[in-house]
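See below for query_36.txt, which holds compact mmCIF, C-alpha atoms.
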# COMPACT_ATOMS: atom_id res chain seq x y z
CA MET A 633 -27.06 2.49 9.22
CA ILE A 634 -24.73 -0.21 10.56
CA GLU A 635 -23.91 0.58 14.16
CA LYS A 636 -21.93 -2.51 15.14
CA ILE A 637 -20.70 -5.71 13.53
CA ASN A 638 -19.12 -8.49 15.54
CA LEU A 639 -16.00 -9.79 13.81
CA THR A 640 -15.52 -13.43 14.73
CA GLY A 641 -12.39 -14.19 12.71
CA PRO A 642 -9.97 -13.08 10.02
CA ALA A 643 -12.43 -13.57 7.15
CA ASP A 644 -14.88 -11.18 8.82
CA LEU A 645 -12.19 -8.55 9.32
CA LEU A 646 -10.91 -8.91 5.77
CA ALA A 647 -14.49 -8.60 4.49
CA THR A 648 -14.88 -5.20 6.12
CA ILE A 649 -11.99 -3.59 4.23
CA PRO A 650 -13.61 -3.30 0.77
CA HIS A 651 -16.71 -1.82 2.39
CA LEU A 652 -14.70 0.69 4.39
CA LEU A 653 -12.70 1.74 1.33
CA GLY A 654 -15.37 1.36 -1.34
CA ILE A 655 -13.09 -0.89 -3.40
CA THR A 656 -11.30 -4.18 -3.10
CA PRO A 657 -7.63 -3.16 -2.84
CA SER A 658 -5.01 -4.49 -5.20
CA GLU A 659 -1.24 -4.08 -4.98
CA SER A 660 -1.75 -2.23 -1.71
CA PHE A 661 -0.85 -2.17 1.95
CA VAL A 662 -3.75 -1.59 4.35
CA VAL A 663 -3.31 -0.66 7.99
CA LEU A 664 -6.30 -0.83 10.32
CA THR A 665 -5.99 0.70 13.76
CA ALA A 666 -7.87 -0.73 16.73
CA GLN A 667 -8.63 0.00 20.34
CA ALA A 668 -10.69 -1.67 23.05
CA GLY A 669 -12.00 -4.37 20.75
CA ALA A 670 -13.09 -1.98 17.99
CA LEU A 671 -11.59 -0.97 14.67
CA GLY A 672 -10.48 2.62 14.19
CA ALA A 673 -8.97 4.18 11.08
CA THR A 674 -8.33 2.45 7.75
CA LEU A 675 -5.29 3.51 5.74
CA ARG A 676 -4.56 2.23 2.22
CA VAL A 677 -1.44 3.05 0.19
CA ASP A 678 0.03 1.59 -2.96
CA ALA A 679 2.40 -1.30 -2.43
CA PRO A 680 6.03 -0.18 -2.47
CA GLU A 681 7.86 -0.52 -5.76
CA HIS A 682 11.18 1.19 -5.20
CA VAL A 683 10.70 2.58 -1.69
CA GLU A 684 13.18 1.65 1.05
CA PRO A 685 11.39 -0.47 3.72
CA VAL A 686 12.05 1.76 6.75
CA ASN A 687 11.01 4.94 4.95
CA TYR A 688 7.85 3.27 3.70
CA ALA A 689 7.04 1.91 7.15
CA GLN A 690 7.64 5.25 8.85
CA THR A 691 5.34 7.03 6.40
CA LEU A 692 2.48 4.58 6.99
CA THR A 693 3.00 4.63 10.73
CA SER A 694 2.98 8.43 10.90
CA HIS A 695 -0.45 8.48 9.27
CA ALA A 696 -1.80 5.59 11.35
CA ALA A 697 -0.68 7.53 14.43
CA ASN A 698 -3.29 10.19 13.63
CA ASP A 699 -5.67 7.83 15.41
CA ASP A 700 -4.38 8.88 18.81
CA LYS A 701 -6.71 6.44 20.58
CA ALA A 702 -5.33 3.38 18.81
CA THR A 703 -3.68 0.72 20.96
CA ALA A 704 -3.19 -1.96 18.29
CA SER A 705 -3.23 -2.48 14.55
CA TYR A 706 -3.66 -4.98 11.73
CA VAL A 707 -1.76 -5.10 8.45
CA VAL A 708 -3.06 -6.57 5.20
CA VAL A 709 -0.94 -6.91 2.06
CA TYR A 710 -2.87 -7.17 -1.20
CA THR A 711 -0.63 -8.37 -4.01
CA ASP A 712 0.01 -11.00 -6.64
CA GLU A 713 3.75 -10.36 -6.57
CA ASN A 714 6.25 -13.04 -5.59
CA GLN A 715 3.79 -15.89 -5.26
CA ASP A 716 6.62 -18.33 -4.55
CA SER A 717 7.77 -16.43 -1.45
CA TYR A 718 6.55 -13.84 1.04
CA PRO A 719 6.08 -10.58 -0.90
CA TYR A 720 7.47 -7.35 0.55
CA ALA A 721 8.75 -9.25 3.57
CA ALA A 722 11.27 -6.54 4.47
CA HIS A 723 8.58 -3.83 4.26
CA VAL A 724 6.21 -5.88 6.41
CA ALA A 725 8.92 -6.44 9.04
CA ALA A 726 9.78 -2.74 9.10
CA LEU A 727 6.11 -1.79 9.39
CA VAL A 728 5.54 -4.20 12.27
CA SER A 729 8.55 -2.70 14.05
CA GLU A 730 7.47 0.91 13.48
CA LEU A 731 3.88 0.30 14.57
CA ALA A 732 5.11 -1.39 17.73
CA ALA A 733 7.38 1.57 18.47
CA ALA A 734 4.36 3.86 18.00
CA ARG A 735 2.46 1.82 20.62
CA MET A 736 0.16 0.25 18.06
CA PRO A 737 1.50 -3.33 18.05
CA VAL A 738 0.39 -5.44 15.13
CA ARG A 739 -1.96 -8.24 16.11
CA ASN A 740 -1.95 -9.99 12.72
CA VAL A 741 -0.58 -9.62 9.21
CA TRP A 742 -2.50 -11.18 6.33
CA LEU A 743 -1.75 -11.63 2.65
CA VAL A 744 -4.60 -11.43 0.13
CA THR A 745 -4.04 -12.39 -3.50
CA SER A 746 -6.42 -12.75 -6.43
CA THR A 747 -6.81 -16.46 -5.63
CA HIS A 748 -6.54 -16.89 -1.84
CA TRP A 749 -5.75 -15.34 1.51
CA THR A 750 -3.39 -16.50 4.20
CA GLU A 751 -1.72 -15.40 7.39
CA PHE A 752 1.51 -13.75 6.31
CA GLY A 753 4.48 -16.07 6.63
CA THR A 754 2.47 -19.29 6.60
CA ASP A 755 1.70 -21.76 3.84
CA GLU A 756 -1.93 -22.50 4.71
CA GLU A 757 -4.03 -20.95 1.94
CA HIS A 758 -7.72 -20.12 2.35
CA PRO A 759 -10.22 -19.58 -0.49
CA LEU A 760 -11.48 -16.04 -1.09
CA GLU A 761 -15.02 -17.40 -0.72
CA GLU A 762 -14.44 -17.45 3.03
CA ILE A 763 -14.30 -13.64 2.84
CA THR A 764 -17.20 -13.12 0.44
CA ASP A 765 -19.36 -15.65 2.30
CA SER A 766 -18.55 -14.23 5.73
CA GLU A 767 -21.18 -12.91 8.10
CA ALA A 768 -19.61 -9.44 8.04
CA ASN A 769 -19.83 -9.21 4.25
CA ALA A 770 -23.42 -10.40 4.33
CA THR A 771 -24.30 -7.78 6.94
CA PHE A 772 -22.68 -4.93 5.03
CA THR A 773 -24.41 -6.03 1.83
CA PHE A 774 -27.77 -6.38 3.57
CA PHE A 775 -27.55 -2.79 4.78
CA GLY A 776 -26.84 -1.52 1.28
CA SER A 777 -23.04 -1.29 1.22
CA ALA A 778 -21.57 -2.02 -2.19
CA THR A 779 -17.96 -2.29 -3.29
CA ASP A 780 -16.09 -1.80 -6.55
CA ILE A 781 -18.69 0.56 -8.02
CA ASP A 782 -16.76 2.88 -10.28
CA VAL A 783 -17.03 6.57 -9.51
CA TYR A 784 -16.99 7.67 -13.14
CA ASN A 785 -18.30 6.12 -16.33
CA PRO A 786 -17.58 8.20 -19.45
CA ALA A 787 -20.10 6.21 -21.46
CA LEU A 788 -22.93 7.52 -19.27
CA LEU A 789 -22.01 11.15 -19.95
CA GLY A 790 -22.71 11.02 -23.67
CA THR A 791 -20.60 11.82 -26.69
CA TRP A 792 -22.61 14.58 -28.31
CA ALA A 793 -21.05 17.63 -26.61
CA MET A 794 -18.85 19.98 -28.61
CA PRO A 795 -15.59 21.29 -27.09
CA VAL A 796 -15.76 24.48 -25.06
CA GLN A 797 -13.45 27.45 -25.41
CA ALA A 798 -11.30 28.47 -22.45
CA PRO A 799 -11.37 32.19 -21.55
CA GLU A 800 -8.30 34.36 -21.99
CA GLY A 801 -7.75 34.57 -18.25
CA THR A 802 -8.19 38.31 -17.86
CA GLU A 803 -9.26 39.83 -14.56
CA ALA A 804 -12.76 40.23 -15.99
CA ASP A 805 -12.78 36.55 -17.00
CA ILE A 806 -11.78 35.52 -13.47
CA GLU A 807 -14.43 37.66 -11.81
CA ALA A 808 -17.14 36.43 -14.19
CA ALA A 809 -16.18 32.80 -13.60
CA ARG A 810 -16.08 33.26 -9.82
CA ALA A 811 -19.53 34.86 -9.84
CA ALA A 812 -21.00 32.13 -12.03
CA TRP A 813 -19.44 29.36 -9.92
CA ALA A 814 -20.68 30.93 -6.68
CA ALA A 815 -24.16 31.30 -8.13
CA VAL A 816 -24.52 27.62 -9.02
CA LEU A 817 -23.04 26.51 -5.69
CA ASP A 818 -25.46 28.72 -3.78
CA SER A 819 -28.48 27.59 -5.80
CA THR A 820 -30.42 24.37 -5.49
CA GLY A 821 -31.06 23.38 -9.08
CA ILE A 822 -28.95 22.03 -11.92
CA PRO A 823 -27.41 24.64 -14.25
CA ASP A 824 -28.77 24.84 -17.78
CA ASN A 825 -26.56 23.68 -20.62
CA ASP A 826 -25.29 27.16 -21.57
CA THR A 827 -24.31 27.92 -17.97
CA ALA A 828 -22.68 24.51 -17.53
CA ARG A 829 -20.64 24.94 -20.72
CA SER A 830 -19.56 28.44 -19.71
CA ILE A 831 -18.31 27.29 -16.30
CA ALA A 832 -16.75 24.14 -17.73
CA GLY A 833 -14.92 26.39 -20.18
CA ALA A 834 -13.61 28.50 -17.30
CA PHE A 835 -12.18 25.34 -15.71
CA GLN A 836 -10.09 24.80 -18.86
CA HIS A 837 -7.91 27.85 -18.08
CA LYS A 838 -5.30 27.02 -15.43
CA MET A 839 -5.37 30.33 -13.55
CA VAL A 840 -9.17 30.64 -13.67
CA ARG A 841 -9.46 27.00 -12.59
CA ASP A 842 -7.27 27.65 -9.57
CA PHE A 843 -9.54 30.49 -8.46
CA LEU A 844 -12.59 28.25 -8.83
CA PHE A 845 -10.98 25.51 -6.76
CA ARG A 846 -10.25 28.06 -4.05
CA GLU A 847 -13.77 29.48 -4.23
CA THR A 848 -15.28 26.04 -3.69
CA ILE A 849 -14.51 26.06 0.01
CA THR A 850 -15.31 28.91 2.38
CA THR A 851 -12.09 28.88 4.41
CA GLN A 852 -9.86 30.67 1.93
CA ASN A 853 -7.12 31.80 4.32
CA GLY A 854 -3.69 31.14 2.90
CA ASN A 855 -2.47 31.10 -0.68
CA PHE A 856 -3.61 28.70 -3.38
CA ALA A 857 -1.02 26.09 -2.37
CA ASP A 858 -2.25 26.19 1.25
CA VAL A 859 -5.83 25.68 0.13
CA ILE A 860 -4.99 22.85 -2.27
CA LEU A 861 -2.85 21.10 0.36
CA GLY A 862 -5.62 21.39 2.95
CA THR A 863 -3.45 23.36 5.38
CA PHE A 864 -5.92 26.23 5.78
CA THR A 865 -7.51 26.83 9.18
CA GLY A 866 -11.18 26.38 9.91
CA ALA A 867 -13.71 23.93 8.50
CA PRO A 868 -15.02 24.15 4.94
CA ASP A 869 -18.73 24.49 4.36
CA TRP A 870 -19.13 20.76 3.74
CA ASN A 871 -22.63 21.20 2.32
CA ARG A 872 -21.11 23.49 -0.30
CA VAL A 873 -18.41 20.90 -0.98
CA ASP A 874 -21.03 18.19 -1.54
CA ARG A 875 -22.88 20.56 -3.85
CA ALA A 876 -19.68 21.28 -5.81
CA GLN A 877 -19.18 17.59 -6.50
CA VAL A 878 -22.73 17.28 -7.83
CA ILE A 879 -22.24 20.30 -10.09
CA ALA A 880 -18.83 19.08 -11.28
CA PHE A 881 -20.51 15.93 -12.56
CA GLU A 882 -23.11 18.03 -14.39
CA LEU A 883 -20.36 20.13 -15.98
CA MET A 884 -18.75 16.98 -17.34
CA LYS A 885 -21.95 16.18 -19.22
CA ALA A 886 -21.65 19.49 -21.08
CA VAL A 887 -18.17 18.85 -22.52
CA PRO A 888 -16.58 16.03 -24.48
CA ALA A 889 -13.94 13.60 -23.29
CA GLY A 890 -10.59 15.37 -23.12
CA GLN A 891 -12.06 18.39 -21.31
CA ARG A 892 -13.34 16.63 -18.18
CA ALA A 893 -10.01 16.37 -16.35
CA PRO A 894 -10.37 19.68 -14.42
CA MET A 895 -13.73 18.62 -12.98
CA LEU A 896 -12.50 15.10 -12.21
CA THR A 897 -9.52 16.65 -10.43
CA LEU A 898 -11.85 18.90 -8.45
CA MET A 899 -13.91 15.90 -7.38
CA GLY A 900 -10.78 13.98 -6.41
CA TRP A 901 -9.38 16.91 -4.44
CA LEU A 902 -12.63 17.35 -2.52
CA GLU A 903 -12.70 13.63 -1.68
CA TRP A 904 -9.15 13.98 -0.36
CA LEU A 905 -10.17 16.92 1.83
CA LYS A 906 -12.95 14.69 3.18
CA GLY A 907 -10.37 12.05 4.08
CA ASN A 908 -11.41 9.61 1.33
CA GLY A 909 -8.00 9.01 -0.20
CA THR A 910 -8.96 5.89 -2.13
CA GLN A 911 -11.93 7.50 -3.86
CA ALA A 912 -9.84 10.62 -4.48
CA GLY A 913 -7.18 8.54 -6.17
CA ARG A 914 -9.72 6.95 -8.48
CA TYR A 915 -11.02 10.34 -9.66
CA LEU A 916 -7.49 11.61 -10.20
CA LYS A 917 -6.51 8.56 -12.25
CA HIS A 918 -9.60 9.13 -14.39
CA ALA A 919 -8.47 12.75 -14.84
CA ASP A 920 -5.10 11.57 -16.11
CA THR A 921 -6.81 9.18 -18.50
CA ASP A 922 -9.05 11.95 -19.80
CA ALA A 923 -6.13 14.35 -20.31
CA PRO A 924 -2.83 12.47 -20.03
CA GLY A 925 -0.25 14.40 -18.07
CA PHE A 926 -2.80 16.71 -16.40
CA ARG A 927 -0.41 18.25 -13.91
CA LEU A 928 -2.63 19.11 -10.95
CA ALA A 929 -4.14 15.62 -10.92
CA GLY A 930 -0.65 14.14 -11.00
CA LEU A 931 0.57 16.25 -8.11
CA LEU A 932 -2.44 15.38 -5.95
CA LEU A 933 -2.15 11.70 -6.83
CA GLU A 934 1.49 11.76 -5.77
CA LEU A 935 0.43 13.15 -2.37
CA ILE A 936 -2.13 10.40 -1.94
CA ASN A 937 0.28 7.68 -3.01
CA ARG A 938 2.69 8.89 -0.30
CA GLY A 939 -0.10 8.41 2.24
CA SER A 940 -0.65 12.13 2.83
CA VAL A 941 -3.85 13.10 4.61
CA ALA A 942 -5.23 16.65 4.43
CA GLU A 943 -4.92 18.59 7.68
CA VAL A 944 -8.62 19.42 7.53
CA ALA A 945 -9.38 15.67 7.55
CA ARG A 946 -6.96 14.97 10.41
CA ASP A 947 -8.58 17.47 12.78
CA PRO A 948 -11.73 16.01 14.38
CA GLU A 949 -13.14 19.53 14.76
CA THR A 950 -13.00 20.32 11.04
CA SER A 951 -13.43 16.89 9.45
CA TYR A 952 -16.19 15.88 7.08
CA GLN A 953 -16.98 12.96 9.39
CA ARG A 954 -17.84 15.39 12.22
CA HIS A 955 -20.14 17.27 9.83
CA ASN A 956 -21.99 14.04 9.04
CA ASN A 957 -22.41 12.94 12.67

Spell out the structure here as structure tokens.
Amino acid sequence: MIEKINLTGPADLLATIPHLLGITPSESFVVLTAQAGALGATLRVDAPEHVEPVNYAQTLTSHAANDDKATASYVVVYTDENQDSYPYAAHVAALVSELAAARMPVRNVWLVTSTHWTEFGTDEEHPLEEITDSEANATFTFFGSATDIDVYNPALLGTWAMPVQAPEGTEADIEAARAAWAAVLDSTGIPDNDTARSIAGAFQHKMVRDFLFRETITTQNGNFADVILGTFTGAPDWNRVDRAQVIAFELMKAVPAGQRAPMLTLMGWLEWLKGNGTQAGRYLKHADTDAPGFRLAGLLLELINRGSVAEVARDPETSYQRHNN
């Protein structure tokens, strides 16, 4: 476990971001909060395409403000847009203003492209090797941190599985699916192929799927929308959530491509509840690739792209991070 890394310059700080997020961002804005010489939260959102600068800046700032101990911030723009000028200059200016008003003044803004990095607004370009060769990157790598490892590889799941049949969605179907899902979540082994195909089939029916999503966590107060949006009260059983993600992967092995979107969406949703928006977004994009137009994945991805953070992840008393500490 890495307890502390001394950041001696911009390259060190920029090197930490892919390790904190699990990916090297592209076409993104990243805000890092800081206080008393230490980094705090890391927030990544897609770069604005058609979003008015002030609205975009206010949205990012409202989420950065969830770190109520922050006294400063850093902004990093990852893009290959407008290489002949300063990309998203109006959005950067608005963000600097909003963060200052929120008492998190921006110490530095950097621009990172696919070929170089630079302090925003200057012409002095630095090679990306300064980031990859930095002491911080070496330390993270030494302690086992890896970046840009994809969360889902269809080729590893096989191509032999036959399609499963969705249930009719009767009350009996719902109760049977709930019981089967609870049984595998409460067990310790991996379900056999027949069980996995039966549960994966249940996930193909929208109404049954919604019940299974809701059954995954143990704080079921509120309607389905409340649960999906993470606005329920209390902390989920995070061990059960971790178990659900393992089982969801096993279910995907039992069905062919085109029927994995519900499980990928489940995995993305659970990552979002944990506060891992970037990983959540990757699962949800895979869900849309598996079943183009899969509505629940699209709705959740829209939330993430707006910078939304689940209430359960915002509250230190209910967060996944508290569970792991």

A:Glu803, A:Tyr688, A:Ala704, A:Leu646 ranked by distance to Ala673 (chain A), top pick (using only C-alpha atoms):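 The answer is A:Ala704, which sits nearest to Ala673 (chain A).
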
Shortest interatomic distance to Ala809 (chain A) - which of A:Leu731, A:Val744, A:Leu844, A:Ala867, counting all atoms listed in the file: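 Closest to Ala809 (chain A), using all atoms listed in the file: A:Leu844.
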
Atomic separation - CA of Ala726 (chain A) relative to CA of Ser705 (chain A), Å: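 Here the two named atoms are 14.1 Å from each other.
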
Thr703 (chain A) environment, 8 Å, only C-alpha atoms, sequence neighbours closer than 4 positions dropped, as an MDAnalysis selection string: chainID A and resid 665:668 735:737

Compile a residue-level contact table for region 673-738 of chain A against region 937-941 of chain A at a cut-off of 10 Å, reporting for every qualifying residue the shortest atom pair and its distance in Å to one decimal, with all atoms listed in the file counted, rows ordered by chain and ascending number, as CSV.
residue,atom,partner,partner_atom,distance
A:Leu675,CA,A:Gly939,CA,7.9
A:Arg676,CA,A:Gly939,CA,7.6
A:Val677,CA,A:Asn937,CA,5.9
A:Asp678,CA,A:Asn937,CA,6.1
A:Ala679,CA,A:Asn937,CA,9.2
A:Pro680,CA,A:Asn937,CA,9.8
A:Tyr688,CA,A:Arg938,CA,8.6
A:Thr691,CA,A:Gly939,CA,7.0
A:Leu692,CA,A:Gly939,CA,6.6
A:Thr693,CA,A:Gly939,CA,9.8
A:Ser694,CA,A:Gly939,CA,9.2
A:His695,CA,A:Gly939,CA,7.0
A:Ala696,CA,A:Gly939,CA,9.7
A:Asn698,CA,A:Val941,CA,9.5

Interatomic distance (Å, one decimal) between CA of Lys701 (chain A) and CA of Asn908 (chain A):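 A separation of 20.1 Å between them.
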
Counting only C-alpha atoms, the residue of A:Leu639, A:Asp824, A:Gln797, A:Thr779 that sits nearest Gln911 (chain A):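 Comparing A:Leu639, A:Asp824, A:Gln797, A:Thr779 against Gln911 (chain A), the winner is A:Thr779.
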